[in-house]
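Undergrad: Following this line is final_20.txt, made up of compact mmCIF, C-alpha atoms:
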# COMPACT_ATOMS: atom_id res chain seq x y z
CA MET A 1 10.02 1.16 -6.96
CA LYS A 2 8.44 4.03 -8.86
CA THR A 3 8.54 7.56 -7.48
CA ILE A 4 5.94 10.30 -7.75
CA GLU A 5 6.47 14.02 -7.16
CA ILE A 6 4.01 15.97 -5.06
CA LYS A 7 4.22 19.71 -4.52
CA GLY A 8 3.06 21.18 -1.23
CA THR A 9 2.82 24.51 0.55
CA ALA A 10 3.88 24.87 4.20
CA ARG A 11 1.20 25.96 6.65
CA THR A 12 1.23 27.16 10.22
CA ILE A 13 -0.95 25.64 12.92
CA ALA A 14 -3.15 28.00 14.93
CA ALA A 15 -2.68 27.91 18.70
CA ARG A 16 -6.38 27.52 19.49
CA SER A 17 -8.30 24.44 18.41
CA SER A 18 -11.33 26.49 17.30
CA GLU A 19 -9.10 28.54 14.98
CA GLN A 20 -7.49 25.32 13.68
CA ALA A 21 -10.90 23.87 12.82
CA ARG A 22 -11.91 27.03 10.94
CA ALA A 23 -8.61 27.09 9.05
CA LEU A 24 -8.91 23.43 8.03
CA LYS A 25 -12.49 23.94 6.86
CA ALA A 26 -11.40 26.91 4.73
CA LEU A 27 -8.51 24.95 3.21
CA ARG A 28 -10.73 22.03 2.24
CA LYS A 29 -13.25 24.42 0.72
CA GLU A 30 -10.45 25.67 -1.55
CA GLY A 31 -9.72 22.10 -2.72
CA LYS A 32 -6.63 21.73 -0.54
CA VAL A 33 -5.77 18.78 1.69
CA PRO A 34 -3.93 19.30 5.00
CA CYS A 35 -0.92 16.99 5.37
CA VAL A 36 1.87 16.33 7.85
CA LEU A 37 5.38 14.96 7.30
CA TYR A 38 6.95 13.25 10.31
CA GLY A 39 9.72 10.82 11.28
CA GLY A 40 13.47 11.39 11.61
CA GLY A 41 13.22 15.12 12.16
CA GLU A 42 10.76 17.88 12.93
CA ASN A 43 7.15 17.58 11.81
CA VAL A 44 6.22 19.68 8.79
CA ASN A 45 2.61 20.75 8.27
CA PHE A 46 1.67 21.55 4.70
CA THR A 47 -1.12 21.45 2.15
CA VAL A 48 -1.46 19.75 -1.23
CA THR A 49 -4.21 20.20 -3.80
CA ALA A 50 -6.69 17.33 -3.97
CA ASP A 51 -5.80 16.92 -7.65
CA GLY A 52 -2.12 16.68 -6.74
CA LEU A 53 -2.85 13.58 -4.63
CA ARG A 54 -5.03 11.80 -7.17
CA ASN A 55 -2.29 9.73 -8.86
CA LEU A 56 -0.89 8.67 -5.48
CA VAL A 57 -4.14 7.70 -3.79
CA TYR A 58 -6.45 6.35 -6.48
CA THR A 59 -4.19 3.63 -7.84
CA PRO A 60 -3.28 0.02 -6.98
CA ASN A 61 0.40 0.99 -7.26
CA VAL A 62 2.64 2.03 -4.38
CA TYR A 63 5.17 4.83 -4.66
CA ILE A 64 8.10 6.52 -3.01
CA VAL A 65 7.01 10.16 -2.78
CA ASP A 66 9.33 13.01 -3.73
CA LEU A 67 7.84 15.83 -1.69
CA ASP A 68 8.56 19.40 -2.72
CA ILE A 69 7.37 21.70 0.07
CA ASP A 70 8.03 25.30 -0.95
CA GLY A 71 11.17 24.17 -2.77
CA LYS A 72 12.48 21.94 0.03
CA LYS A 73 12.81 18.32 -1.14
CA GLU A 74 12.04 15.32 1.08
CA LYS A 75 11.60 11.61 0.35
CA ALA A 76 8.61 9.98 2.03
CA ILE A 77 5.94 7.31 1.89
CA MET A 78 2.22 7.80 2.46
CA LYS A 79 1.59 6.36 5.92
CA ASP A 80 -2.06 7.15 6.60
CA ILE A 81 -5.02 8.76 4.88
CA GLN A 82 -8.41 9.89 6.15
CA PHE A 83 -11.51 10.11 3.96
CA HIS A 84 -14.81 11.88 4.60
CA PRO A 85 -17.25 9.18 5.81
CA VAL A 86 -20.01 10.30 3.42
CA LYS A 87 -18.48 12.31 0.56
CA ASP A 88 -15.35 10.09 0.38
CA ASN A 89 -13.09 13.07 -0.36
CA ILE A 90 -9.61 13.16 1.22
CA LEU A 91 -9.53 14.93 4.60
CA HIS A 92 -5.92 14.44 5.72
CA VAL A 93 -2.74 12.61 4.72
CA ASP A 94 0.23 11.57 6.88
CA PHE A 95 3.61 11.19 5.17
CA TYR A 96 6.58 9.43 6.78
CA ARG A 97 10.08 10.75 6.05
CA ILE A 98 12.51 8.10 4.76
CA THR A 99 16.30 7.88 4.55
CA GLU A 100 18.71 5.60 2.71
CA ASP A 101 20.00 3.82 5.83
CA LYS A 102 16.81 3.18 7.81
CA PRO A 103 14.41 0.33 6.89
CA ILE A 104 10.75 1.21 6.40
CA VAL A 105 7.56 -0.84 6.64
CA MET A 106 5.25 -0.78 3.66
CA GLU A 107 2.48 -2.85 2.11
CA ILE A 108 3.46 -4.13 -1.36
CA PRO A 109 0.96 -5.55 -3.89
CA VAL A 110 1.10 -9.29 -4.68
CA GLN A 111 1.24 -10.51 -8.28
CA LEU A 112 0.69 -14.17 -9.16
CA GLU A 113 2.36 -15.67 -12.22
CA GLY A 114 2.19 -19.06 -13.89
CA LEU A 115 -0.62 -21.57 -14.50
CA ALA A 116 -1.25 -23.58 -11.35
CA GLU A 117 -1.43 -27.38 -11.57
CA GLY A 118 -4.65 -27.23 -9.59
CA VAL A 119 -6.21 -24.87 -12.14
CA LYS A 120 -5.33 -27.32 -14.94
CA ALA A 121 -7.20 -29.94 -12.87
CA GLY A 122 -10.33 -27.75 -12.80
CA GLY A 123 -9.73 -25.74 -9.62
CA LYS A 124 -10.01 -21.98 -9.20
CA LEU A 125 -7.05 -19.79 -8.21
CA ALA A 126 -7.90 -17.35 -5.41
CA LEU A 127 -5.72 -14.48 -4.19
CA GLN A 128 -6.38 -14.13 -0.45
CA ARG A 129 -3.93 -11.30 0.28
CA ARG A 130 -3.64 -8.52 -2.28
CA LYS A 131 -0.80 -6.87 -0.34
CA LEU A 132 1.85 -8.06 2.10
CA LYS A 133 3.60 -6.00 4.75
CA VAL A 134 7.36 -5.87 4.24
CA LYS A 135 10.31 -4.23 5.96
CA ALA A 136 13.30 -3.11 3.91
CA LEU A 137 15.47 -0.19 2.84
CA TYR A 138 13.43 1.87 0.42
CA GLN A 139 15.96 1.33 -2.39
CA THR A 140 15.27 -2.43 -2.33
CA LEU A 141 11.46 -2.25 -2.23
CA PRO A 142 9.90 -3.78 -5.37
CA GLU A 143 6.75 -2.52 -7.08
CA ARG A 144 5.24 -6.01 -6.82
CA LEU A 145 5.86 -9.24 -4.91
CA VAL A 146 5.80 -11.78 -7.74
CA ILE A 147 4.80 -15.30 -6.67
CA ASN A 148 4.97 -18.26 -9.06
CA VAL A 149 2.01 -20.60 -8.59
CA SER A 150 2.85 -23.19 -11.29
CA ASN A 151 3.32 -26.02 -8.75
CA LEU A 152 0.25 -25.17 -6.66
CA GLY A 153 -2.02 -28.22 -6.61
CA LEU A 154 -5.75 -28.61 -6.18
CA GLY A 155 -6.88 -27.65 -2.68
CA LYS A 156 -3.39 -26.38 -1.79
CA THR A 157 -2.26 -22.98 -0.46
CA ILE A 158 0.82 -20.79 -0.38
CA GLN A 159 1.51 -19.24 3.02
CA VAL A 160 3.74 -16.33 3.98
CA GLY A 161 6.20 -18.68 5.72
CA GLU A 162 6.95 -20.38 2.39
CA LEU A 163 7.94 -17.12 0.67
CA GLN A 164 11.33 -15.48 0.49
CA PHE A 165 12.45 -12.30 -1.28
CA ASP A 166 15.99 -10.90 -1.36
CA GLY A 167 16.49 -7.93 0.94
CA LEU A 168 12.92 -8.05 2.28
CA GLU A 169 11.52 -9.15 5.63
CA LEU A 170 7.88 -10.27 5.49
CA LEU A 171 5.99 -9.11 8.56
CA ASN A 172 2.68 -10.94 8.13
CA ALA A 173 2.11 -14.06 10.26
CA LYS A 174 3.84 -17.08 8.72
CA ASP A 175 0.56 -19.04 8.51
CA THR A 176 -1.21 -16.26 6.58
CA VAL A 177 -2.60 -17.73 3.35
CA VAL A 178 -1.58 -15.64 0.34
CA CYS A 179 -3.29 -17.67 -2.38
CA SER A 180 -4.96 -21.02 -2.89
CA VAL A 181 -6.47 -23.26 -5.53
CA LYS A 182 -10.03 -23.95 -4.48
CA LEU A 183 -12.00 -27.04 -5.41
CA THR A 184 -14.86 -26.27 -7.78
CA ARG A 185 -17.90 -28.48 -8.36
CA ALA A 186 -16.43 -29.51 -11.71
CA ALA A 187 -13.12 -30.46 -10.07
CA LYS A 188 -14.88 -32.41 -7.33
CA GLY A 189 -16.92 -34.26 -9.95
CA ALA A 190 -13.80 -35.08 -11.98
CA ALA A 191 -11.98 -36.33 -8.88
CA ALA A 192 -14.95 -38.50 -7.89
CA ALA A 193 -15.15 -39.95 -11.41
CA THR A 194 -11.41 -40.71 -11.39
CA THR A 195 -11.73 -42.45 -8.00
CA ALA A 196 -14.74 -44.46 -9.16
CA ALA A 197 -12.93 -45.54 -12.34
CA ALA A 198 -9.90 -46.61 -10.33
CA ASN A 199 -12.03 -48.69 -7.97
CA SER A 200 -14.11 -50.40 -10.64
Could you write out this structure as structure tokens?
TA:
Amino acid sequence: MKTIEIKGTARTIAARSSEQARALKALRKEGKVPCVLYGGGENVNFTVTADGLRNLVYTPNVYIVDLDIDGKKEKAIMKDIQFHPVKDNILHVDFYRITEDKPIVMEIPVQLEGLAEGVKAGGKLALQRRKLKVKALYQTLPERLVINVSNLGLGKTIQVGELQFDGLELLNAKDTVVCSVKLTRAAKGAAAATTAAANS
């Protein structure tokens, strides 16, 4: 999996909630985003510039994050993000600290490959789940979950329970539909014509 470096600056949390609110408002006005790093050690509060988060947030890709907080390096994944309900700017980001020996849970994008049999027959391929939740050591996490759909027939689906990837545990329900080949009007018409010809 790809990594991305993000530089942050440690910040202290005010004791009183009113002071905290004022401090957060001031930070955001300066174009900074308050963040927290947690998991497997003490929590670290820090800030990152909004521009510094752009390549991590506004992308379909997923990354392992190399955090550099005042020169201290940590590996993490982005666990949660809050956006302003109206302006859509980033309000807060949670990062989860990762280590080489502890599995993590992450959503990985799905990529379909191959020309489905059902598409050749006039159907339409539909991706129902753009990402799947997996559990694995971070070193084994792929950038994409590649699924071959060549044998997928008309009106058929691929479910999570049918998939297997080395070193990964899929956490979605086994009956979750990942992709399907849907019947189109053209395909229905062709099937009806084939049936009629066979019966005549």
Undergrad: Between A:Ile6, A:Val57, A:Ala76, A:Val110, which residue has the minimum interatomic distance to Arg144 (chain A), considering only C-alpha atoms?
TA: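 Counting only C-alpha atoms, the residue closest to Arg144 (chain A) is A:Val110.
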Undergrad: Please check which residues have atoms at most 9 Å from (9.9, 22.0, -2.3) in the file's coordinates, counting all atoms listed in the file, and write them as a PDB file with C-alpha atoms, in the frame of the given file.
TA:
ATOM      1  CA  ILE A   6       4.010  15.970  -5.060  1.00  0.00           C
ATOM      2  CA  LYS A   7       4.220  19.710  -4.520  1.00  0.00           C
ATOM      3  CA  GLY A   8       3.060  21.180  -1.230  1.00  0.00           C
ATOM      4  CA  THR A   9       2.820  24.510   0.550  1.00  0.00           C
ATOM      5  CA  LEU A  67       7.840  15.830  -1.690  1.00  0.00           C
ATOM      6  CA  ASP A  68       8.560  19.400  -2.720  1.00  0.00           C
ATOM      7  CA  ILE A  69       7.370  21.700   0.070  1.00  0.00           C
ATOM      8  CA  ASP A  70       8.030  25.300  -0.950  1.00  0.00           C
ATOM      9  CA  GLY A  71      11.170  24.170  -2.770  1.00  0.00           C
ATOM     10  CA  LYS A  72      12.480  21.940   0.030  1.00  0.00           C
ATOM     11  CA  LYS A  73      12.810  18.320  -1.140  1.00  0.00           C
ATOM     12  CA  GLU A  74      12.040  15.320   1.080  1.00  0.00           C
TER      13      GLU A  74
END
Undergrad: Would you mind telling me which residue in A:Val44, A:Glu107, A:His84, A:Gly155 lies nearest to Asn172 (chain A) when using all atoms listed in the file?
TA: A:Glu107
Undergrad: Using only C-alpha atoms, which of A:Ala26, A:Leu171, A:Ile64, A:Leu112 sits nearest Glu143 (chain A)?
TA: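 Among the listed residues, A:Ile64 lies closest to Glu143 (chain A).
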Undergrad: Give me the residues within 12 Å of Leu154 (chain A) as a ChimeraX atom specification, counting only C-alpha atoms and dropping any in the same chain fewer than 6 places off.
TA: /A:116-126,179-184,187-188,190-191
Undergrad: So that I can check the surroundings of Ile81 (chain A), please list as an MDAnalysis selection string every protein, DNA and RNA residue that reaches within 8 Å of it, counting all atoms listed in the file and ignoring chain neighbours fewer than 3 positions away.
TA: chainID A and resid 78 90:94
Undergrad: Those selected residues, please, written with C-alpha atoms and delivered as a PDB file, in the coordinates of the input.
TA:
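Produced file part-v6.pdb, reproduced below:
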ATOM      1  CA  MET A  78       2.220   7.800   2.460  1.00  0.00           C
ATOM      2  CA  ILE A  90      -9.610  13.160   1.220  1.00  0.00           C
ATOM      3  CA  LEU A  91      -9.530  14.930   4.600  1.00  0.00           C
ATOM      4  CA  HIS A  92      -5.920  14.440   5.720  1.00  0.00           C
ATOM      5  CA  VAL A  93      -2.740  12.610   4.720  1.00  0.00           C
ATOM      6  CA  ASP A  94       0.230  11.570   6.880  1.00  0.00           C
TER       7      ASP A  94
END
Undergrad: Could you jot down the CA of Gln139 (chain A) to CA of Met106 (chain A) separation for me, Å, one decimal place?
TA: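 Distance between the two atoms: 12.5 Å.
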Undergrad: Could you tell me how far CA of Gly153 (chain A) sits from CA of Thr176 (chain A), in Å to one decimal place?
TA: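 Computing it gives 17.8 Å between the two atoms.
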Undergrad: Identify which of the residues A:Leu132, A:Val65, A:Ala50, A:Leu115 lies closest to Phe83 (chain A), counting all atoms listed in the file when measuring atom-to-atom distances.
TA: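 Residue with the minimum atom-to-atom distance to Phe83 (chain A): A:Ala50.
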Undergrad: Extract, using only C-alpha atoms, all DNA, RNA and protein residues at most 12 Å from Arg54 (chain A), discarding same-chain residues fewer than 2 positions from it, and format them as an NGL selection string.
TA: :A and (4-6 or 33 or 48-52 or 56-60 or 89-90)
Undergrad: Provide the CA of Asp175 (chain A) to CA of Leu145 (chain A) distance in Å, to one decimal place.
TA: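 One can read the CA of Asp175 (chain A) to CA of Leu145 (chain A) distance as 17.4 Å.
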Undergrad: Which residue gives the smallest distance to Ile147 (chain A) among A:Gln164, A:Gln159, A:Gln128, A:Gln111, with all atoms listed in the file counted?
TA: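 Closest candidate: A:Gln111.
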Undergrad: From the set A:Asn45, A:Gly31, A:Lys25, A:Ile98, which residue has the shortest atom-to-atom contact distance to Thr12 (chain A), counting all atoms listed in the file?
TA: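 Closest to Thr12 (chain A), using all atoms listed in the file: A:Asn45.
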Undergrad: Some atoms are absent from region 160-187 of chain A, so rebuild N, CA and C atoms and return them as a CSV table (one decimal), in the frame of the given file.
TA:
chain,number,residue,atom,x,y,z
A,160,VAL,N,2.6,-17.3,3.9
A,160,VAL,CA,3.7,-16.3,4.0
A,160,VAL,C,5.1,-17.0,4.4
A,161,GLY,N,5.0,-18.0,5.3
A,161,GLY,CA,6.2,-18.7,5.7
A,161,GLY,C,7.0,-19.4,4.6
A,162,GLU,N,6.3,-19.7,3.5
A,162,GLU,CA,7.0,-20.4,2.4
A,162,GLU,C,7.6,-19.4,1.4
A,163,LEU,N,7.4,-18.1,1.6
A,163,LEU,CA,7.9,-17.1,0.7
A,163,LEU,C,9.2,-16.5,1.1
A,164,GLN,N,10.1,-16.1,0.2
A,164,GLN,CA,11.3,-15.5,0.5
A,164,GLN,C,11.7,-14.5,-0.7
A,165,PHE,N,12.1,-13.3,-0.3
A,165,PHE,CA,12.4,-12.3,-1.3
A,165,PHE,C,13.7,-11.6,-0.8
A,166,ASP,N,14.7,-11.5,-1.7
A,166,ASP,CA,16.0,-10.9,-1.4
A,166,ASP,C,15.8,-9.5,-0.8
A,167,GLY,N,16.5,-9.3,0.4
A,167,GLY,CA,16.5,-7.9,0.9
A,167,GLY,C,15.2,-7.5,1.6
A,168,LEU,N,14.2,-8.4,1.7
A,168,LEU,CA,12.9,-8.0,2.3
A,168,LEU,C,12.6,-9.0,3.5
A,169,GLU,N,12.0,-8.4,4.5
A,169,GLU,CA,11.5,-9.2,5.6
A,169,GLU,C,10.0,-9.1,5.6
A,170,LEU,N,9.3,-10.2,5.5
A,170,LEU,CA,7.9,-10.3,5.5
A,170,LEU,C,7.4,-10.2,6.9
A,171,LEU,N,6.4,-9.3,7.2
A,171,LEU,CA,6.0,-9.1,8.6
A,171,LEU,C,4.6,-9.8,8.9
A,172,ASN,N,3.9,-10.2,7.9
A,172,ASN,CA,2.7,-10.9,8.1
A,172,ASN,C,3.0,-12.3,8.8
A,173,ALA,N,2.0,-12.8,9.6
A,173,ALA,CA,2.1,-14.1,10.3
A,173,ALA,C,2.4,-15.1,9.2
A,174,LYS,N,3.3,-16.1,9.6
A,174,LYS,CA,3.8,-17.1,8.7
A,174,LYS,C,2.7,-18.0,8.2
A,175,ASP,N,1.6,-18.2,9.0
A,175,ASP,CA,0.6,-19.0,8.5
A,175,ASP,C,-0.5,-18.3,7.7
A,176,THR,N,-0.3,-17.0,7.4
A,176,THR,CA,-1.2,-16.3,6.6
A,176,THR,C,-1.3,-16.8,5.2
A,177,VAL,N,-2.4,-17.2,4.7
A,177,VAL,CA,-2.6,-17.7,3.4
A,177,VAL,C,-2.6,-16.6,2.3
A,178,VAL,N,-1.7,-16.7,1.4
A,178,VAL,CA,-1.6,-15.6,0.3
A,178,VAL,C,-2.5,-16.0,-0.8
A,179,CYS,N,-2.4,-17.2,-1.3
A,179,CYS,CA,-3.3,-17.7,-2.4
A,179,CYS,C,-3.6,-19.2,-2.2
A,180,SER,N,-4.6,-19.6,-3.0
A,180,SER,CA,-5.0,-21.0,-2.9
A,180,SER,C,-5.6,-21.4,-4.2
A,181,VAL,N,-5.7,-22.7,-4.4
A,181,VAL,CA,-6.5,-23.3,-5.5
A,181,VAL,C,-7.7,-24.0,-4.9
A,182,LYS,N,-8.8,-23.4,-5.1
A,182,LYS,CA,-10.0,-24.0,-4.5
A,182,LYS,C,-10.7,-25.0,-5.4
A,183,LEU,N,-11.3,-26.0,-4.7
A,183,LEU,CA,-12.0,-27.0,-5.4
A,183,LEU,C,-13.3,-26.5,-5.9
A,184,THR,N,-13.6,-26.7,-7.2
A,184,THR,CA,-14.9,-26.3,-7.8
A,184,THR,C,-15.7,-27.5,-7.9
A,185,ARG,N,-17.0,-27.3,-8.2
A,185,ARG,CA,-17.9,-28.5,-8.4
A,185,ARG,C,-17.4,-29.4,-9.5
A,186,ALA,N,-16.9,-28.7,-10.6
A,186,ALA,CA,-16.4,-29.5,-11.7
A,186,ALA,C,-15.2,-30.3,-11.3
A,187,ALA,N,-14.3,-29.7,-10.5
A,187,ALA,CA,-13.1,-30.5,-10.1
A,187,ALA,C,-13.5,-31.6,-9.1
